[in-house]
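Participant: Next comes upload04.txt, compact mmCIF, C-alpha atoms:
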# COMPACT_ATOMS: atom_id res chain seq x y z
CA VAL D 1 -19.57 9.20 2.18
CA ARG D 2 -21.59 8.56 -0.98
CA GLU D 3 -21.51 12.21 -2.00
CA TYR D 4 -17.73 12.48 -1.57
CA ALA D 5 -17.07 9.16 -3.30
CA LEU D 6 -19.13 10.12 -6.33
CA LYS D 7 -17.59 13.60 -6.42
CA SER D 8 -14.11 12.05 -6.31
CA LEU D 9 -14.97 9.70 -9.17
CA ASP D 10 -16.26 12.66 -11.18
CA ASN D 11 -13.17 14.75 -10.41
CA LEU D 12 -10.93 11.84 -11.47
CA GLY D 13 -12.99 11.11 -14.57
CA LEU D 14 -13.40 7.48 -13.50
CA ASP D 15 -16.29 5.05 -13.23
CA TYR D 16 -14.74 3.26 -10.24
CA VAL D 17 -11.70 3.19 -7.95
CA ASP D 18 -9.77 0.06 -7.06
CA CYS D 19 -9.86 0.52 -3.30
CA TYR D 20 -11.71 2.86 -0.95
CA LEU D 21 -10.66 3.16 2.71
CA ILE D 22 -11.91 4.57 5.96
CA HIS D 23 -8.85 6.57 7.01
CA ASN D 24 -9.17 6.22 10.75
CA ALA D 25 -11.53 4.34 13.01
CA ARG D 26 -11.97 7.09 15.54
CA PRO D 27 -11.29 10.76 15.92
CA TRP D 28 -7.54 11.32 16.33
CA SER D 29 -8.09 12.48 19.89
CA ASP D 30 -10.22 9.36 20.57
CA GLY D 31 -13.20 11.66 20.53
CA ILE D 32 -15.34 12.90 23.33
CA GLU D 33 -14.94 10.86 26.48
CA GLY D 34 -17.67 8.26 26.65
CA HIS D 35 -18.62 8.78 23.00
CA ASP D 36 -19.15 5.52 21.11
CA TYR D 37 -17.68 5.92 17.63
CA PHE D 38 -18.33 2.27 16.67
CA GLU D 39 -21.77 3.11 15.24
CA GLU D 40 -20.31 5.83 13.01
CA ASN D 41 -17.66 3.43 11.69
CA VAL D 42 -20.33 0.88 10.81
CA ALA D 43 -22.57 3.51 9.18
CA VAL D 44 -19.70 4.76 7.00
CA TYR D 45 -18.68 1.22 6.11
CA LYS D 46 -22.28 0.30 5.17
CA VAL D 47 -22.26 3.09 2.57
CA MET D 48 -18.91 1.81 1.32
CA GLU D 49 -20.45 -1.67 0.99
CA GLU D 50 -23.23 -0.14 -1.14
CA LEU D 51 -20.64 1.54 -3.36
CA TYR D 52 -18.86 -1.83 -3.61
CA ASP D 53 -22.11 -3.60 -4.59
CA GLU D 54 -22.75 -0.92 -7.22
CA GLY D 55 -19.27 -1.37 -8.73
CA LYS D 56 -18.18 2.17 -7.86
CA VAL D 57 -15.34 0.71 -5.78
CA ARG D 58 -13.67 -2.62 -6.51
CA SER D 59 -12.65 -3.24 -2.91
CA ILE D 60 -13.08 -1.61 0.47
CA GLY D 61 -10.80 -1.46 3.44
CA VAL D 62 -9.75 0.43 6.50
CA SER D 63 -6.76 2.28 7.84
CA ASN D 64 -5.47 2.58 11.39
CA PHE D 65 -8.12 0.22 12.78
CA LEU D 66 -7.29 -1.40 16.10
CA VAL D 67 -8.44 -4.92 16.99
CA LYS D 68 -11.50 -3.58 18.83
CA ASP D 69 -12.44 -1.50 15.78
CA LEU D 70 -12.08 -4.48 13.45
CA GLU D 71 -14.08 -6.74 15.76
CA ASN D 72 -16.92 -4.22 15.80
CA LEU D 73 -16.85 -3.74 12.03
CA LEU D 74 -16.83 -7.47 11.31
CA GLU D 75 -19.80 -8.02 13.60
CA TYR D 76 -22.00 -5.65 11.58
CA SER D 77 -20.64 -5.73 8.03
CA MET D 78 -21.19 -8.04 5.08
CA VAL D 79 -17.89 -7.42 3.27
CA ILE D 80 -14.64 -8.18 5.06
CA PRO D 81 -12.19 -5.30 4.59
CA VAL D 82 -9.66 -6.25 1.95
CA LEU D 83 -6.92 -4.52 3.93
CA ASN D 84 -6.01 -2.59 7.04
CA GLN D 85 -3.41 0.06 6.31
CA ILE D 86 -1.33 0.48 9.47
CA LYS D 87 2.01 1.95 10.42
CA LEU D 88 4.46 -0.94 10.38
CA HIS D 89 8.23 -0.93 10.10
CA PRO D 90 11.27 -2.63 11.65
CA GLY D 91 11.02 -2.09 15.38
CA TYR D 92 7.27 -1.37 15.24
CA LEU D 93 5.41 -4.56 14.40
CA GLN D 94 1.91 -4.03 15.88
CA GLU D 95 1.68 -7.78 16.46
CA ASP D 96 -1.85 -7.84 17.93
CA ILE D 97 -3.38 -6.05 14.94
CA VAL D 98 -1.33 -8.06 12.46
CA GLU D 99 -2.35 -11.36 14.06
CA PHE D 100 -6.02 -10.37 14.02
CA CYS D 101 -5.83 -9.34 10.37
CA GLU D 102 -4.07 -12.55 9.38
CA ASN D 103 -6.67 -14.64 11.23
CA HIS D 104 -9.45 -12.86 9.32
CA GLN D 105 -7.81 -12.78 5.86
CA ILE D 106 -7.36 -9.01 5.99
CA LEU D 107 -4.19 -7.90 4.20
CA VAL D 108 -1.88 -5.69 6.23
CA GLU D 109 -0.65 -2.73 4.21
CA ALA D 110 2.42 -1.27 5.89
CA TYR D 111 2.59 2.49 5.59
CA SER D 112 5.68 4.38 6.73
CA PRO D 113 7.83 1.26 6.22
CA PHE D 114 11.00 3.34 6.62
CA ALA D 115 9.83 5.04 9.85
CA THR D 116 9.95 8.32 7.93
CA GLY D 117 13.63 7.65 7.24
CA LYS D 118 14.60 7.33 10.90
CA ILE D 119 15.88 3.76 10.57
CA PHE D 120 18.19 4.38 7.63
CA GLY D 121 21.83 4.18 8.59
CA HIS D 122 21.30 1.51 11.22
CA GLU D 123 24.20 -0.95 11.28
CA ASP D 124 22.04 -4.10 10.99
CA ILE D 125 20.20 -2.86 7.92
CA ILE D 126 23.41 -1.60 6.30
CA LYS D 127 24.99 -5.05 6.76
CA LEU D 128 22.01 -6.78 5.15
CA ALA D 129 22.02 -4.28 2.28
CA GLN D 130 25.71 -4.99 1.67
CA LYS D 131 25.18 -8.76 1.95
CA HIS D 132 22.46 -8.72 -0.73
CA ASN D 133 23.89 -5.85 -2.81
CA LYS D 134 20.67 -3.89 -2.29
CA THR D 135 19.68 -0.58 -0.75
CA GLU D 136 18.49 -0.29 2.83
CA ALA D 137 15.02 0.54 1.52
CA GLN D 138 14.98 -2.60 -0.61
CA ILE D 139 15.93 -4.73 2.42
CA ILE D 140 13.05 -3.26 4.44
CA LEU D 141 10.54 -3.67 1.61
CA ARG D 142 11.64 -7.26 0.98
CA TRP D 143 11.28 -8.03 4.72
CA ILE D 144 7.71 -6.67 4.71
CA LEU D 145 6.83 -8.72 1.63
CA GLN D 146 8.26 -11.88 3.17
CA LEU D 147 6.14 -11.28 6.26
CA GLY D 148 3.16 -11.47 3.90
CA HIS D 149 2.31 -7.77 4.07
CA LEU D 150 2.02 -5.11 1.39
CA PRO D 151 4.54 -2.28 1.80
CA LEU D 152 3.47 1.27 1.00
CA PRO D 153 6.65 3.30 0.58
CA LYS D 154 6.56 7.00 -0.14
CA SER D 155 8.87 8.65 -2.60
CA VAL D 156 8.72 11.61 -4.92
CA THR D 157 11.80 10.80 -6.99
CA LYS D 158 11.58 8.61 -10.07
CA GLU D 159 14.83 6.80 -9.25
CA ARG D 160 13.68 5.79 -5.77
CA ILE D 161 10.29 4.69 -7.02
CA ILE D 162 11.99 2.43 -9.57
CA SER D 163 14.45 1.19 -6.94
CA ASN D 164 11.61 0.41 -4.52
CA LEU D 165 10.16 -1.97 -7.10
CA ASP D 166 13.44 -3.88 -7.47
CA VAL D 167 12.80 -6.27 -4.58
CA PHE D 168 11.71 -9.47 -6.31
CA ASP D 169 15.09 -10.90 -7.33
CA PHE D 170 16.32 -11.88 -3.87
CA ASN D 171 15.12 -13.33 -0.58
CA LEU D 172 16.12 -12.72 2.99
CA ASP D 173 17.16 -15.96 4.66
CA ASP D 174 15.96 -17.08 8.10
CA GLU D 175 18.82 -15.34 9.88
CA ASP D 176 18.19 -12.10 7.96
CA MET D 177 14.50 -12.25 8.89
CA LYS D 178 15.43 -12.82 12.53
CA VAL D 179 17.60 -9.70 12.48
CA MET D 180 14.78 -7.65 10.97
CA ASN D 181 12.09 -9.11 13.25
CA ASN D 182 14.17 -8.27 16.33
CA PHE D 183 15.23 -4.82 15.10
CA LYS D 184 15.43 -2.11 17.74
CA TYR D 185 15.99 1.57 17.24
CA GLU D 186 15.71 4.71 19.29
CA ALA D 187 12.70 6.69 18.12
CA GLN D 188 13.41 10.37 17.70
Starting from the coordinates I provided, produce the structure as C-alpha cells.
Facilitator:
Amino acid sequence: VREYALKSLDNLGLDYVDCYLIHNARPWSDGIEGHDYFEENVAVYKVMEELYDEGKVRSIGVSNFLVKDLENLLEYSMVIPVLNQIKLHPGYLQEDIVEFCENHQILVEAYSPFATGKIFGHEDIIKLAQKHNKTEAQIILRWILQLGHLPLPKSVTKERIISNLDVFDFNLDDEDMKVMNNFKYEAQ
C-alpha cells in the first residue's frame, strides 16, 4: 500500500492526495471459503492511517464496505473513514449500510447515481424534471444531496459535467422526496 501510494504521488507530481480509499473490503468473489479477509482490511487501513499521519493523504476512506466490514475496521482503527463510497441510486438505497454510516459520521458517497443510465426515461423522474425545469440527472443528484449524501456522477462530456453541478438553485419538496425514496424500476 505504501509503495503504491508513494509511486502514485510521484507519478502525479504531488506531495499529497485529498482522499485515499480501499476499493473493496473483500475479494470480489468473497474470497476463498472460510478465509478471513478482515485482518487484511485492517492491515491495509493501518498503512493508510500512517500515510494520513504523515500528511501524504488528507483523508482516508473505504469503498463497497458492508456493515460487517465497517464494524471490523472501526474496532481496530484509529481514524474513522471519512467516507464509504457505495452504489446508491433511486430504487437501490442500501439502507443498512447508509444507517450505519450515518450513525458513525461516515459520509456516504453515492457512485452510479444514475444506475448506469437505466433509470433515465422513467415517468416519475421525468415529471419531477419538468416540475423543476431541470434534467433528470439534476433531479437525481439533488435527491442524493438532500438525503445528506455525496453524489459521484460519471460523465465525459463538458456540457453534462457543467449541468451536473447546476443542482444548488432548487430543492425537492417533501412529496418529491417521497416519490424518489419510493422509486421502483425494473433492473435490466
Participant: Could you list, as a PyMOL selection string, every residue within 9 Å of Pro90 in chain D, counting all atoms listed in the file and ignoring same-chain residues fewer than 2 positions away?
Facilitator: chain D and resi 88+92-93+113-115+119+140+143-144+180-185
Participant: Just how far from CA of Lys178 in chain D is CA of Lys68 in chain D, in Å to one decimal?
Facilitator: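 CA of Lys178 in chain D lies at a distance of 29.2 Å from CA of Lys68 in chain D.
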Participant: If we count only C-alpha atoms, what is near range 47-51 of chain D at a cut-off of 12 Å, once residues fewer than 2 positions away on the same chain are taken out, given as a PDB file with C-alpha atoms, in the coordinates of the input?
Facilitator:
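Wrote part-v7.pdb, looks like this:
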ATOM      1  CA  VAL D   1     -19.570   9.200   2.180  1.00  0.00           C
ATOM      2  CA  ARG D   2     -21.590   8.560  -0.980  1.00  0.00           C
ATOM      3  CA  GLU D   3     -21.510  12.210  -2.000  1.00  0.00           C
ATOM      4  CA  TYR D   4     -17.730  12.480  -1.570  1.00  0.00           C
ATOM      5  CA  ALA D   5     -17.070   9.160  -3.300  1.00  0.00           C
ATOM      6  CA  LEU D   6     -19.130  10.120  -6.330  1.00  0.00           C
ATOM      7  CA  LEU D   9     -14.970   9.700  -9.170  1.00  0.00           C
ATOM      8  CA  ASP D  15     -16.290   5.050 -13.230  1.00  0.00           C
ATOM      9  CA  TYR D  16     -14.740   3.260 -10.240  1.00  0.00           C
ATOM     10  CA  VAL D  17     -11.700   3.190  -7.950  1.00  0.00           C
ATOM     11  CA  ASP D  18      -9.770   0.060  -7.060  1.00  0.00           C
ATOM     12  CA  CYS D  19      -9.860   0.520  -3.300  1.00  0.00           C
ATOM     13  CA  TYR D  20     -11.710   2.860  -0.950  1.00  0.00           C
ATOM     14  CA  LEU D  21     -10.660   3.160   2.710  1.00  0.00           C
ATOM     15  CA  ILE D  22     -11.910   4.570   5.960  1.00  0.00           C
ATOM     16  CA  GLU D  40     -20.310   5.830  13.010  1.00  0.00           C
ATOM     17  CA  ASN D  41     -17.660   3.430  11.690  1.00  0.00           C
ATOM     18  CA  VAL D  42     -20.330   0.880  10.810  1.00  0.00           C
ATOM     19  CA  ALA D  43     -22.570   3.510   9.180  1.00  0.00           C
ATOM     20  CA  VAL D  44     -19.700   4.760   7.000  1.00  0.00           C
ATOM     21  CA  TYR D  45     -18.680   1.220   6.110  1.00  0.00           C
ATOM     22  CA  ASP D  53     -22.110  -3.600  -4.590  1.00  0.00           C
ATOM     23  CA  GLU D  54     -22.750  -0.920  -7.220  1.00  0.00           C
ATOM     24  CA  GLY D  55     -19.270  -1.370  -8.730  1.00  0.00           C
ATOM     25  CA  LYS D  56     -18.180   2.170  -7.860  1.00  0.00           C
ATOM     26  CA  VAL D  57     -15.340   0.710  -5.780  1.00  0.00           C
ATOM     27  CA  ARG D  58     -13.670  -2.620  -6.510  1.00  0.00           C
ATOM     28  CA  SER D  59     -12.650  -3.240  -2.910  1.00  0.00           C
ATOM     29  CA  ILE D  60     -13.080  -1.610   0.470  1.00  0.00           C
ATOM     30  CA  GLY D  61     -10.800  -1.460   3.440  1.00  0.00           C
ATOM     31  CA  VAL D  62      -9.750   0.430   6.500  1.00  0.00           C
ATOM     32  CA  LEU D  73     -16.850  -3.740  12.030  1.00  0.00           C
ATOM     33  CA  TYR D  76     -22.000  -5.650  11.580  1.00  0.00           C
ATOM     34  CA  SER D  77     -20.640  -5.730   8.030  1.00  0.00           C
ATOM     35  CA  MET D  78     -21.190  -8.040   5.080  1.00  0.00           C
ATOM     36  CA  VAL D  79     -17.890  -7.420   3.270  1.00  0.00           C
ATOM     37  CA  ILE D  80     -14.640  -8.180   5.060  1.00  0.00           C
ATOM     38  CA  PRO D  81     -12.190  -5.300   4.590  1.00  0.00           C
ATOM     39  CA  VAL D  82      -9.660  -6.250   1.950  1.00  0.00           C
TER      40      VAL D  82
END
Participant: Between CA of Ile106 in chain D and CA of Asn84 in chain D, what is the distance, to one decimal in Å?
Facilitator: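 Between CA of Ile106 in chain D and CA of Asn84 in chain D the gap works out to 6.6 Å.
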Participant: So how far away is CA of Val98 in chain D from CA of Leu145 in chain D, in Å?
Facilitator: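 Distance reported for this atom pair: 13.6 Å.
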Participant: Please determine, counting all atoms listed in the file, which residue among D:Gln105, D:Val179, D:Tyr37, D:Ile161 has the shortest atom-to-atom distance to Ile126 in chain D.
Facilitator: D:Val179
Participant: Neighbouring residues of Leu141 in chain D were defined as those with any atom within 10 Å, considering all atoms listed in the file; residues of the same chain fewer than 2 positions away were excluded. Please report them as a list in words.
Facilitator: His89, Ala110, Pro113, Phe114, Thr135, Glu136, Ala137, Gln138, Ile139, Trp143, Ile144, Leu145, Gln146, Leu147, His149, Leu150, Pro151, Leu152, Pro153, Asn164, Leu165, Asp166, Val167 and Phe168 of chain D
